[in-house]
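Trainee: Below you will find the structure I want to go over with you.
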Amino acid sequence: MATSERTFAARALAAVLLTATLQAAAQELPLRNPQFRDWNREQGGPALWLTSLNGYTAEQVCDAAAPAPCAVKLSATASRASGQFGTFFHDLRVAAAGASALTLSGRIRTQAVKDGWAGFFMLVRAEGKTVAYKNSEEDGARGDSEWRNFSIRVPVEPNAEMVRVGTLLTGTGSAWFSDLKLVVDGDSKVALAARRDVPIPPRPAPSQTLLADSELALPATAVPTVRAAWRRDVLAHRHPIRSLFSDDFSDLAFLGPLLRERRVIQLGESSHGVAEFNWMKVRLIKFLHEKLGYDVIAFESPLTQCDAAGETAAKESAEKTMRDCIFRVWHTDEVLALFDYVRQTQASPRPLRLTGFDNQSGSSFSATTGRFRTMLEILDPAAVPALLQHEGTLKNIKKENRDSALAYYTGLLQTLEQNRARLLGHLTDHPTWVDLAIQEARSRIALVRMHGLPMAVASSVRDRAMADNLDFVLDTLYPKQKVIVWAHNAHIAYAPEKTGSWKPMGAWLAERRRSDVYTLGLYMGRGAGAMNNRQVYNILPPAAESFEAILANGGYKMSLLDFSRLQGNPDAAWLRTSLEARTWGTNPVQLVPANIYDGVLYIDTVTPPQYR
């Protein structure tokens with residue numbers, strides 16, 4: 001189906017006066033897109049609405065300034081309240097455009113936009129709820145900027161009821177919008193929007209039995225449509241995974257040759273809130289530790305907190321070790337089993353060691369603060385109050401104290417580096433503490449830098465810091481041991497999931513030690529998961545020709561596909577094709593599989609975790 005366009009450029013609003021009284025402005029916008037119902041007449045109301053909250057005005061400006069002689073201008077006023085925004089938008093009743101994707105694009109320029117951004121937004125409602133939302137917060141226009149092109153894209157589910165498209169200005173200053181264009185991609189395949197009333201699948205019962213092919217097979221009705229060649233390739237190279245729980249690892253033995261030369265294996269997940277991912281990763285870690293000699297597990301959690309928890313793992317309960325080490329999103333029954341295993345291994349010749357690599361904090365900074373305090377009490381006890389003051393405000397850094405915090409942690413790093421030998425002489429019972437504290441000071445600097453930055457920029461700083469911390473784990477903390485990494489797919493990936501996104505930790509890792517690393521993404525097909533706030537949501541079946549649809553064509557409820565085979569086979573062309581995938585099981589991203597991972601493990605039906 002050919003892509004169709006409907007332009008509602010600001011210059012087409014020449015007859016409309018958008019006044020500072022913030023009344024709705026109406027204009028006849030003749031419909032030329034057959035996929036949409038009549039925008040204007042269906043509700044008998046205006047085609048365009050202007051909305052402002054506490055201190056924004058809008059006007060039409062025609063100043064003959066190329067390339068956009070006419071534009072709609074949004075401006076903040078002196079009465080603007082913090083956290084408010086100005087917008088103009090239109091609601092499209094678009095049931096006939098379901099199973100498509102929409103792209104809103106146009107030109108934007110800004111003047112003195114501070115503490116906010118200017119850009120676009122789109123949201124989709126279905127089943128009475130917002131099921132898709134996208135805005136330009138990550139890459140919107142800021143400060144003083146000349147005319148630039150911007151765009152956003154959202155899927156429109158077949159059961160969509162309404163799409164709202166519009167512009168936003170947050171913060172201070174002014175923004176001009178022109179040449180707005182709405183593009184309908186009829187070739188995009190979009191699944192039904194999630195419904196809250198869909199039953200959650202039953203949790204699988206733990207069993208030590210490996211499933212037979214007949215028990216593992218997906219029903220034909222559950223296998224989405226993909227190209228025949230791609231289906232042949234997946235069927236030829238799938239590895240069935242026969243259990244989430246069993247200590248019989250015979251179905252995982254094929255991983256031995258794949259990982260023979262790899263010192264690091266990264267285990268991803270497309271969502272933090274999936275019980276089956278947790279179970280699978282726990283089982284994989286047991287196999288990797290017992291059979292392949294991986295003796296360190298590094299979590300997407302704070303470096304020192306996990307190190308401190310690991311030091312006492314032999315005498316503390318598994319639950320306390322779990323809570324002291326990892327972020328709350330993994331405080332679940334399924335992950336607790338891993339910490340039971342960690343505790344059991346501490347008395348063995350090869351204990352499984354715990355560490356982290358995130359520069360962000362968990363529920364507290366207590367372990368790291370305590371280590372810093374130990375160092376300063378050796379060097380200068382009078383410096384401890386300043387440490388406690390800065391550590392106490394680290395989670396709530398404001399614009400006005402960001403520079404002072406940055407200066408403090410830069411000075412702390414210099415103090416620790418310059419006195420390393422002295423500290424090592426005092427801490428002979430804890431030889432790794434000093435270098436850990438030095439690395440944590442570097443992490444603190446990155447954490448302070450993240451505050452107040454747009455999300456994409458802050459994420460870039462974070463992933464670079466995580467890569468540096470993982471290098472420290474590999475080169476200094478555990479220089480002779482094999483390491484398992486536990487993190488979200490978006491962090492372990494060798495390239496961003498979408499163009500223009502931040503450079504992930506995995507990309508930094510690949511530049512530094514690509515031949516040492518094997519990266520395994522985990523994806524799901526359908527069922528239910530939980531967001532980081534533990535809110536349960538439904539995951540609908542994969543759309544035809546999507547990445548998950550290809551994985552499902554392996555025909556098994558659980559299977560692993562290795563990408564390291566020869567790429568010359570034309571049936572394997574999907575590995576080099578840009579495909580739509582879903583992060584969190586709901587949010588569409590574009591990826592080229594072979595550029596992102598070394599392999600993917602697919603679990604067709606998933607359930608939310610049991611949180612503790």
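So you can find residues: chains in the structure tokens are A, B, ... in the order shown, residues in each start at 1, and ligands are numbered from 1 in order.
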Could the residues of stretch 249-340 of chain A that have an atom at most 12 Å from stretch 468-474 of chain A be listed as a tab-separated table, each with its closest atom pair and the distance in Å to one decimal, counting only C-alpha atoms and ordered by chain and ascending residue number?
Mentor:
```
residue	atom	partner	partner_atom	distance
A:Arg263	CA	A:Leu474	CA	9.2
A:Val264	CA	A:Leu474	CA	8.9
A:Gln266	CA	A:Leu470	CA	11.3
A:Asp295	CA	A:Leu474	CA	12.0
A:Val296	CA	A:Val473	CA	9.5
A:Ile297	CA	A:Val473	CA	10.3
A:Ala298	CA	A:Leu470	CA	8.1
A:Phe299	CA	A:Leu470	CA	9.9
A:Glu300	CA	A:Leu470	CA	10.0
A:Ser301	CA	A:Asn469	CA	11.0
A:Pro302	CA	A:Asn469	CA	9.8
A:Leu303	CA	A:Asn469	CA	7.6
A:Thr304	CA	A:Asn469	CA	10.6
A:Cys306	CA	A:Val473	CA	11.9
A:Asp307	CA	A:Val473	CA	10.6
```
Trainee: Quick one: of A:Val483, A:Val329, A:Leu352, A:Ala222, who's nearest to A:Gly529, counting only C-alpha atoms?
Mentor: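 Looking only at the distances to A:Gly529, the closest residue turns out to be A:Val329.
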Trainee: If we count only C-alpha atoms and set the cut-off at 9 Å, which residues sit around stretch 452-455 of chain A, ignoring sequence neighbours fewer than 5 positions away in its own chain? Please answer as a PyMOL selection string.
Mentor: chain A and resi 115-116+137-139+397-399+402+460
Trainee: I need the residue nearest A:Pro609 from this list: A:Cys325, A:Val274, A:Gln418, A:Asn587. Use only C-alpha atoms for the distance.
Mentor: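 Of A:Cys325, A:Val274, A:Gln418, A:Asn587, the one nearest A:Pro609, counting only C-alpha atoms, is A:Val274.
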Trainee: Which polymer residues have any atom within 10 Å of an atom of A:Trp230, counting only C-alpha atoms, with same-chain residues fewer than 4 positions away left out, as a ChimeraX atom specification?
Mentor: /A:226,234-236,545,550-551,553-554,570-575
Trainee: Restrict the selected residues to C-alpha atoms and save them as a compact mmCIF listing (two decimals), in the first residue's frame.
Mentor:
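Below is the file part.txt, written as the result:
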```txt
# COMPACT_ATOMS: atom_id res chain seq x y z
CA VAL A 226 6.36 -14.29 8.26
CA VAL A 234 14.51 -20.13 12.03
CA LEU A 235 13.30 -23.75 11.89
CA ALA A 236 16.74 -24.87 10.73
CA GLU A 545 6.56 -9.92 9.99
CA ILE A 550 10.05 -14.44 13.30
CA LEU A 551 11.23 -15.84 16.65
CA ASN A 553 8.23 -19.27 13.90
CA GLY A 554 10.76 -21.50 15.59
CA PRO A 570 19.68 -15.98 1.68
CA ASP A 571 17.09 -17.45 4.08
CA ALA A 572 18.95 -15.66 6.90
CA ALA A 573 18.45 -12.22 5.32
CA TRP A 574 16.18 -11.27 8.25
CA LEU A 575 19.26 -11.03 10.46
```
Trainee: Apply DSSP to the structure's backbone, then extract all residues of stretch 318-566 of chain A labelled helix (DSSP H, G or I) and return them as a ChimeraX atom specification.
Mentor: /A:318-325,328-330,333-345,366-379,381-396,399-418,420-426,433-450,455-477,489-492,505-516,547-552
Trainee: Could the residues in this selection be saved with C-alpha atoms as a short mmCIF file (atom, residue, chain, number, x, y, z; two decimals), in the first residue's frame?
Mentor:
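File part.cif, as written:
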```cif
data_model
loop_
_atom_site.label_atom_id
_atom_site.label_comp_id
_atom_site.auth_asym_id
_atom_site.auth_seq_id
_atom_site.Cartn_x
_atom_site.Cartn_y
_atom_site.Cartn_z
CA ALA A 318 19.24 -14.81 50.72
CA GLU A 319 16.50 -12.19 50.88
CA LYS A 320 18.66 -9.66 52.71
CA THR A 321 21.49 -10.17 50.24
CA MET A 322 19.06 -9.67 47.36
CA ARG A 323 17.62 -6.48 48.84
CA ASP A 324 21.05 -5.10 49.69
CA CYS A 325 22.41 -5.74 46.19
CA ARG A 328 13.73 -3.13 43.64
CA VAL A 329 12.42 -4.14 40.19
CA TRP A 330 14.01 -7.57 40.76
CA ASP A 333 10.34 -14.78 44.33
CA GLU A 334 11.93 -15.89 41.06
CA VAL A 335 15.15 -13.91 41.58
CA LEU A 336 15.33 -14.87 45.26
CA ALA A 337 16.14 -18.40 44.06
CA LEU A 338 19.36 -17.04 42.55
CA PHE A 339 20.43 -15.55 45.88
CA ASP A 340 19.66 -18.85 47.59
CA TYR A 341 22.04 -20.41 45.09
CA VAL A 342 24.67 -17.69 45.69
CA ARG A 343 24.51 -18.36 49.42
CA GLN A 344 24.92 -22.12 48.88
CA THR A 345 28.03 -21.64 46.72
CA SER A 366 24.63 3.35 52.58
CA ALA A 367 27.28 0.86 51.46
CA THR A 368 29.11 3.31 49.21
CA THR A 369 28.82 6.13 51.73
CA GLY A 370 30.20 3.83 54.40
CA ARG A 371 33.22 2.91 52.29
CA PHE A 372 33.90 6.59 51.46
CA ARG A 373 33.63 7.44 55.16
CA THR A 374 36.11 4.71 56.07
CA MET A 375 38.65 6.23 53.66
CA LEU A 376 38.18 9.80 54.91
CA GLU A 377 38.41 8.78 58.57
CA ILE A 378 41.85 7.43 57.74
CA LEU A 379 42.92 10.48 55.76
CA PRO A 381 38.22 12.85 59.88
CA ALA A 382 37.29 16.52 59.61
CA ALA A 383 36.25 15.88 55.98
CA VAL A 384 33.51 13.41 56.96
CA PRO A 385 30.68 15.97 57.55
CA ALA A 386 31.05 17.38 54.03
CA LEU A 387 30.89 13.84 52.63
CA LEU A 388 27.70 13.07 54.54
CA GLN A 389 26.15 16.36 53.43
CA HIS A 390 26.80 15.69 49.74
CA GLU A 391 25.80 12.03 49.95
CA GLY A 392 22.58 13.09 51.67
CA THR A 393 21.59 15.44 48.84
CA LEU A 394 22.82 13.28 45.95
CA LYS A 395 19.35 11.97 45.13
CA ASN A 396 17.85 15.44 45.01
CA LYS A 399 20.33 23.19 39.37
CA GLU A 400 21.75 25.54 41.98
CA ASN A 401 23.87 22.89 43.75
CA ARG A 402 24.89 20.76 40.75
CA ASP A 403 28.19 22.58 40.22
CA SER A 404 29.14 22.37 43.89
CA ALA A 405 28.37 18.64 43.93
CA LEU A 406 30.44 18.12 40.80
CA ALA A 407 33.35 20.02 42.34
CA TYR A 408 33.07 18.01 45.56
CA TYR A 409 33.16 14.58 43.93
CA THR A 410 35.96 15.66 41.58
CA GLY A 411 37.95 16.64 44.65
CA LEU A 412 37.06 13.38 46.41
CA LEU A 413 38.32 11.41 43.43
CA GLN A 414 41.62 13.31 43.45
CA THR A 415 42.01 12.74 47.20
CA LEU A 416 41.45 9.00 46.90
CA GLU A 417 43.76 8.65 43.89
CA GLN A 418 46.57 10.65 45.50
CA ARG A 420 45.80 5.22 47.25
CA ALA A 421 49.04 3.71 48.61
CA ARG A 422 48.37 5.06 52.09
CA LEU A 423 44.84 3.68 52.12
CA LEU A 424 45.98 0.27 50.88
CA GLY A 425 48.45 0.16 53.77
CA HIS A 426 45.64 0.68 56.27
CA TRP A 433 37.94 -1.44 48.80
CA VAL A 434 40.29 1.37 47.79
CA ASP A 435 40.05 0.86 44.05
CA LEU A 436 36.29 0.34 44.38
CA ALA A 437 35.98 3.67 46.18
CA ILE A 438 38.02 5.39 43.46
CA GLN A 439 35.77 3.92 40.77
CA GLU A 440 32.67 4.89 42.74
CA ALA A 441 33.91 8.48 42.90
CA ARG A 442 34.05 8.44 39.09
CA SER A 443 30.50 7.06 39.06
CA ARG A 444 29.35 9.83 41.38
CA ILE A 445 30.73 12.44 38.97
CA ALA A 446 28.76 10.84 36.11
CA LEU A 447 25.63 10.68 38.28
CA VAL A 448 25.85 14.38 39.11
CA ARG A 449 26.33 15.21 35.44
CA MET A 450 23.13 13.35 34.58
CA MET A 455 16.61 11.90 29.12
CA ALA A 456 18.55 10.82 26.01
CA VAL A 457 21.63 12.81 27.04
CA ALA A 458 21.45 11.59 30.64
CA SER A 459 21.07 8.00 29.41
CA SER A 460 24.18 8.43 27.27
CA VAL A 461 26.16 9.56 30.32
CA ARG A 462 24.78 6.65 32.35
CA ASP A 463 25.59 3.95 29.77
CA ARG A 464 29.13 5.27 29.33
CA ALA A 465 29.59 5.19 33.12
CA MET A 466 28.19 1.63 33.27
CA ALA A 467 30.64 0.53 30.57
CA ASP A 468 33.50 2.08 32.53
CA ASN A 469 32.34 0.28 35.68
CA LEU A 470 32.11 -3.03 33.84
CA ASP A 471 35.64 -2.49 32.53
CA PHE A 472 36.71 -1.97 36.14
CA VAL A 473 35.03 -5.25 37.14
CA LEU A 474 36.77 -7.11 34.33
CA ASP A 475 40.22 -5.49 34.54
CA THR A 476 40.66 -4.69 38.23
CA LEU A 477 38.11 -6.38 40.48
CA ASN A 489 18.29 -5.37 26.43
CA ALA A 490 18.63 -1.63 25.79
CA HIS A 491 21.85 -1.52 27.84
CA ILE A 492 23.60 -4.68 26.62
CA MET A 505 26.77 0.21 27.30
CA GLY A 506 27.07 -2.80 25.00
CA ALA A 507 28.37 -0.62 22.17
CA TRP A 508 31.15 0.72 24.41
CA LEU A 509 31.91 -2.82 25.55
CA ALA A 510 32.07 -4.06 21.95
CA GLU A 511 34.59 -1.36 21.01
CA ARG A 512 36.86 -2.41 23.84
CA ARG A 513 36.56 -6.22 23.92
CA ARG A 514 34.15 -7.46 21.23
CA SER A 515 35.74 -10.89 20.79
CA ASP A 516 35.40 -11.58 24.53
CA PHE A 547 10.97 -9.57 15.06
CA GLU A 548 8.99 -11.49 17.67
CA ALA A 549 6.89 -13.08 14.92
CA ILE A 550 10.05 -14.44 13.30
CA LEU A 551 11.23 -15.84 16.65
CA ALA A 552 7.84 -17.48 17.22
#
```
Trainee: So which residues touch A:Arg260 within 12 Å, counting only C-alpha atoms, skipping near sequence neighbours fewer than 6 positions away, as an NGL selection string?
Mentor: :A and (253-254 or 288 or 291-294 or 482 or 515-518)
Trainee: Pick from A:Val163, A:Val156, A:Leu216, A:Ala175: nearest to A:Thr57, with only C-alpha atoms counted?
Mentor: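 Closest residue, counting only C-alpha atoms: A:Ala175.
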Trainee: I'd like the contact shell of A:Asp144 - 9 Å cut-off, only C-alpha atoms, skipping same-chain residues fewer than 4 positions apart - returned as a ChimeraX atom specification.
Mentor: /A:109-113
Trainee: Give the strand (DSSP E or B) residues of stretch 274-422 of chain A, as assigned by DSSP on the backbone, as a list in words.
Mentor: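 DSSP on the backbone gives strand (DSSP E or B) at Tyr294, Asp295, Val296, Ile297, Ala298, Phe299, Glu300, Ser301, Pro302, Thr332, Arg353, Leu354, Thr355, Gly356, Phe357 and Asp358 of chain A.
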Trainee: Measure the distance from atom CA of A:His289 to atom CA of A:Leu520 in Å and round it to one decimal.
Mentor: 16.5 Å
Trainee: Rounded to one decimal in Å, what is the spacing between atom CA of A:Asn135 and atom CA of A:Leu123?
Mentor: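 Atom CA of A:Leu123 lies 8.6 Å from atom CA of A:Asn135.
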